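Asks: Please see the structure below; I have some questions.
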Amino acid sequence: MNNDQFKISHCETGDGDEIFALEGKCFDRPLTLGSIKQMIECSDTIFLKAVVYSKFENNAEFFNKIANGKAATDGESEQKVGQKIVGYISLKIAIDEGEIYNIAVEKSARGRGLGSDLLNNALKEAKKRNAKKVFLEVNQNNNQAISLYLKNGFKQIHIRKNYYGSDSALILVKEI
Ligand SMILES: CC(C)(COP(=O)(O)OP(=O)(O)OC[C@H]1O[C@@H](n2cnc3c(N)ncnc32)[C@H](O)[C@@H]1OP(=O)(O)O)[C@@H](O)C(=O)NCCC(=O)NCCS
């Protein structure tokens, strides 16, 4: 996916099925389609998606195609421009506090900064909505997610023992 283009934007109700499919690939105990759709529609929840565009030699070629109203193809599948969601984040706001409910990036797109981009876009939006702090909980053994959060300024404030069966949950917070 080296030459792919990504764009982060707000989810719409119609994105529910694709998010649900990705959720199923990323989590052992995925959320239901109904709860995903509910969150997308809830005005207190910031729900962002990262959409991947197909491969092009450079940005100019890519944007020319779009300007000319042509769909991009990646040479293998006839995929419409902007139709593939490869990541998402949901963050719920309650008065002046936020809570990250979920974040996931498709396996093939990981390790390229997309998780950090989604996180920082959601935090920016939370700040605009007057949140002062954002909390989250993460399985103590989820090293990739913990690195993502620590790298982006979250600090551990609490451990909930055996929260996920025999695994504990770390509670992290970031002031924004
Ligand atoms: C957590 C997750 C969203 C990170 O997405 P991502 O796009 O890979 O994130 P980034 O590329 O921004 O990486 C951020 C940091 O995560 C860590 N990281 C990424 N890939 C990693 C890997 N394979 N091994 C260890 N750490 C890794 C690194 O610290 C990385 O920072 P660096 O690239 O500067 O070293 C992704 O791994 C994922 O979807 N996991 C499954 C779902 C999940 O567990 N969600 C969290 C629930 S609390």
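So you can find residues: chains in the structure tokens are A, B, ... in the order shown, residues in each start at 1, and ligands are numbered from 1 in order.
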Would you name the residues within 7 Å of ligand 1, counting only C-alpha atoms and all ligand atoms, and put them as a PyMOL selection string?
Replies: chain A and resi 26-27+102-107+109-117+137-139+142-145+147-148+151
Asks: Quick one: write out the picked residues with C-alpha atoms as a PDB file, in the first residue's frame?
Replies:
```pdb
ATOM      1  CA  CYS A  26      -9.623  -6.357  14.327  1.00  0.00           C
ATOM      2  CA  PHE A  27     -11.308  -7.527  17.547  1.00  0.00           C
ATOM      3  CA  ASN A 102     -12.592   2.232  19.868  1.00  0.00           C
ATOM      4  CA  ILE A 103      -9.785   2.608  17.358  1.00  0.00           C
ATOM      5  CA  ALA A 104      -8.689   0.151  14.683  1.00  0.00           C
ATOM      6  CA  VAL A 105      -6.604   0.067  11.526  1.00  0.00           C
ATOM      7  CA  GLU A 106      -6.687  -2.762   8.983  1.00  0.00           C
ATOM      8  CA  LYS A 107      -3.643  -5.049   9.352  1.00  0.00           C
ATOM      9  CA  ALA A 109      -2.228  -0.455   6.721  1.00  0.00           C
ATOM     10  CA  ARG A 110      -0.713  -0.589  10.228  1.00  0.00           C
ATOM     11  CA  GLY A 111       2.621   0.876  11.298  1.00  0.00           C
ATOM     12  CA  ARG A 112       2.398   3.833   8.902  1.00  0.00           C
ATOM     13  CA  GLY A 113       1.036   6.491  11.206  1.00  0.00           C
ATOM     14  CA  LEU A 114      -2.630   6.069  10.383  1.00  0.00           C
ATOM     15  CA  GLY A 115      -3.563   5.132  13.968  1.00  0.00           C
ATOM     16  CA  SER A 116      -1.802   8.268  15.225  1.00  0.00           C
ATOM     17  CA  ASP A 117      -3.518  10.416  12.569  1.00  0.00           C
ATOM     18  CA  GLU A 137      -8.903   1.756  28.611  1.00  0.00           C
ATOM     19  CA  VAL A 138      -6.650  -0.796  26.978  1.00  0.00           C
ATOM     20  CA  ASN A 139      -5.737  -4.423  27.605  1.00  0.00           C
ATOM     21  CA  ASN A 142      -2.091  -4.879  23.718  1.00  0.00           C
ATOM     22  CA  ASN A 143       1.453  -3.606  23.104  1.00  0.00           C
ATOM     23  CA  GLN A 144       0.752  -1.908  19.763  1.00  0.00           C
ATOM     24  CA  ALA A 145      -2.157   0.087  21.140  1.00  0.00           C
ATOM     25  CA  SER A 147       2.704   2.267  22.302  1.00  0.00           C
ATOM     26  CA  LEU A 148       0.324   4.277  20.117  1.00  0.00           C
ATOM     27  CA  LYS A 151       3.644   7.972  21.939  1.00  0.00           C
TER      28      LYS A 151
END
```
Asks: Report, in Å with one decimal, the straight-line distance from atom CA of Gly153 of chain A to atom CA of Ile176 of chain A.
Replies: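 Atom-to-atom, atom CA of Gly153 of chain A and atom CA of Ile176 of chain A are spaced 9.5 Å apart.
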Asks: Pull the strand (DSSP E or B) assignments for chain A out of DSSP run on the backbone, and list those residues as a VMD selection string.
Replies: chain A and resid 5 to 10 45 to 53 84 to 94 97 to 105 133 to 139 155 to 164 167 to 175
Asks: What are the closest atom pairs, with distances in Å to one decimal, for all residues of segment 67-161 of chain A lying within 10 Å of segment 10-20 of chain A? Consider only C-alpha atoms, order rows by chain and residue number, and present the result as CSV.
Replies:
```
residue,atom,partner,partner_atom,distance
A:Gln83,CA,A:Glu18,CA,9.4
A:Lys84,CA,A:Glu18,CA,8.1
A:Ile85,CA,A:Glu18,CA,6.9
A:Val86,CA,A:Ile19,CA,8.6
A:Gly87,CA,A:Ile19,CA,8.1
A:Tyr88,CA,A:Ile19,CA,7.4
A:Ile89,CA,A:Cys11,CA,9.6
A:Ser90,CA,A:Cys11,CA,9.6
A:Ala104,CA,A:Ile19,CA,9.5
A:Ala122,CA,A:His10,CA,9.8
```
Asks: Leaving out Cys42 of chain A and any residue of its chain fewer than 3 positions from it, which residues lie within 12 Å of it when counting only C-alpha atoms, given as an MDAnalysis selection string?
Replies: chainID A and resid 11:13 35:39 45:47 90:93
Asks: Export N, CA and C atoms of the chosen residues as a PDB file, in the first residue's frame?
Replies:
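File written: again-v9.pdb
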```
ATOM      1  N   CYS A  11     -17.582   9.736   9.766  1.00  0.00           N
ATOM      2  CA  CYS A  11     -18.376   8.618   9.257  1.00  0.00           C
ATOM      3  C   CYS A  11     -19.809   9.070   9.014  1.00  0.00           C
ATOM      4  N   GLU A  12     -20.425   8.409   8.053  1.00  0.00           N
ATOM      5  CA  GLU A  12     -21.853   8.621   7.804  1.00  0.00           C
ATOM      6  C   GLU A  12     -22.579   7.312   8.090  1.00  0.00           C
ATOM      7  N   THR A  13     -23.890   7.392   8.239  1.00  0.00           N
ATOM      8  CA  THR A  13     -24.664   6.192   8.597  1.00  0.00           C
ATOM      9  C   THR A  13     -24.375   5.033   7.641  1.00  0.00           C
ATOM     10  N   SER A  35     -24.862  -1.284  17.358  1.00  0.00           N
ATOM     11  CA  SER A  35     -24.216  -0.299  18.242  1.00  0.00           C
ATOM     12  C   SER A  35     -23.279   0.596  17.449  1.00  0.00           C
ATOM     13  N   ILE A  36     -22.659   0.055  16.390  1.00  0.00           N
ATOM     14  CA  ILE A  36     -21.796   0.906  15.559  1.00  0.00           C
ATOM     15  C   ILE A  36     -22.646   1.989  14.881  1.00  0.00           C
ATOM     16  N   LYS A  37     -23.774   1.584  14.308  1.00  0.00           N
ATOM     17  CA  LYS A  37     -24.636   2.560  13.622  1.00  0.00           C
ATOM     18  C   LYS A  37     -25.145   3.621  14.596  1.00  0.00           C
ATOM     19  N   GLN A  38     -25.489   3.148  15.809  1.00  0.00           N
ATOM     20  CA  GLN A  38     -25.990   4.081  16.832  1.00  0.00           C
ATOM     21  C   GLN A  38     -24.918   5.129  17.162  1.00  0.00           C
ATOM     22  N   MET A  39     -23.670   4.663  17.316  1.00  0.00           N
ATOM     23  CA  MET A  39     -22.584   5.591  17.658  1.00  0.00           C
ATOM     24  C   MET A  39     -22.340   6.587  16.530  1.00  0.00           C
ATOM     25  N   THR A  45     -20.901  11.583  19.887  1.00  0.00           N
ATOM     26  CA  THR A  45     -19.754  10.741  19.523  1.00  0.00           C
ATOM     27  C   THR A  45     -19.061  11.267  18.274  1.00  0.00           C
ATOM     28  N   ILE A  46     -17.750  11.401  18.383  1.00  0.00           N
ATOM     29  CA  ILE A  46     -16.937  11.752  17.213  1.00  0.00           C
ATOM     30  C   ILE A  46     -16.547  10.420  16.587  1.00  0.00           C
ATOM     31  N   PHE A  47     -16.973  10.186  15.365  1.00  0.00           N
ATOM     32  CA  PHE A  47     -16.682   8.895  14.716  1.00  0.00           C
ATOM     33  C   PHE A  47     -16.005   9.186  13.383  1.00  0.00           C
ATOM     34  N   SER A  90     -13.693   5.999  17.433  1.00  0.00           N
ATOM     35  CA  SER A  90     -14.888   6.620  18.013  1.00  0.00           C
ATOM     36  C   SER A  90     -14.520   7.170  19.388  1.00  0.00           C
ATOM     37  N   LEU A  91     -14.984   8.360  19.653  1.00  0.00           N
ATOM     38  CA  LEU A  91     -14.660   9.069  20.907  1.00  0.00           C
ATOM     39  C   LEU A  91     -15.937   9.738  21.397  1.00  0.00           C
ATOM     40  N   LYS A  92     -16.338   9.369  22.608  1.00  0.00           N
ATOM     41  CA  LYS A  92     -17.594   9.919  23.139  1.00  0.00           C
ATOM     42  C   LYS A  92     -17.305  11.100  24.046  1.00  0.00           C
ATOM     43  N   ILE A  93     -18.082  12.162  23.884  1.00  0.00           N
ATOM     44  CA  ILE A  93     -17.917  13.356  24.710  1.00  0.00           C
ATOM     45  C   ILE A  93     -19.033  13.413  25.752  1.00  0.00           C
TER      46      ILE A  93
END
```
Asks: Residues at most 7 Å from Val173 of chain A, counting only C-alpha atoms, excluding those fewer than 6 positions away in the same chain, as a PDB file with C-alpha atoms, in the first residue's frame?
Replies:
```
ATOM      1  CA  LYS A 133      -9.343  15.430  29.178  1.00  0.00           C
ATOM      2  CA  VAL A 134      -9.703  12.238  27.192  1.00  0.00           C
ATOM      3  CA  PHE A 135      -9.714   8.793  28.856  1.00  0.00           C
ATOM      4  CA  LEU A 136      -9.393   5.297  27.445  1.00  0.00           C
ATOM      5  CA  PHE A 154      -1.448   9.561  27.130  1.00  0.00           C
ATOM      6  CA  LYS A 155      -0.409   8.707  30.700  1.00  0.00           C
ATOM      7  CA  GLN A 156      -1.410   5.677  32.737  1.00  0.00           C
ATOM      8  CA  ILE A 157      -3.451   6.573  35.828  1.00  0.00           C
TER       9      ILE A 157
END
```
Asks: For a test of reading the model, state the distance in Å between atom CA of Gly98 of chain A and atom CA of Ala126 of chain A, rounded to one decimal.
Replies: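 Rounded to one decimal, the two atoms are 6.9 Å apart.
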Asks: Apply DSSP to the structure's backbone, then extract all residues of segment 10-45 of chain A labelled helix (DSSP H, G or I) and return them as a PyMOL selection string.
Replies: chain A and resi 13-26+33-41
Asks: Enter the distance from atom CA of Lys127 of chain A to atom CA of Val51 of chain A, in Å, rounded to one decimal.
Replies: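 About the pair atom CA of Lys127 of chain A and atom CA of Val51 of chain A: they are 23.1 Å apart.
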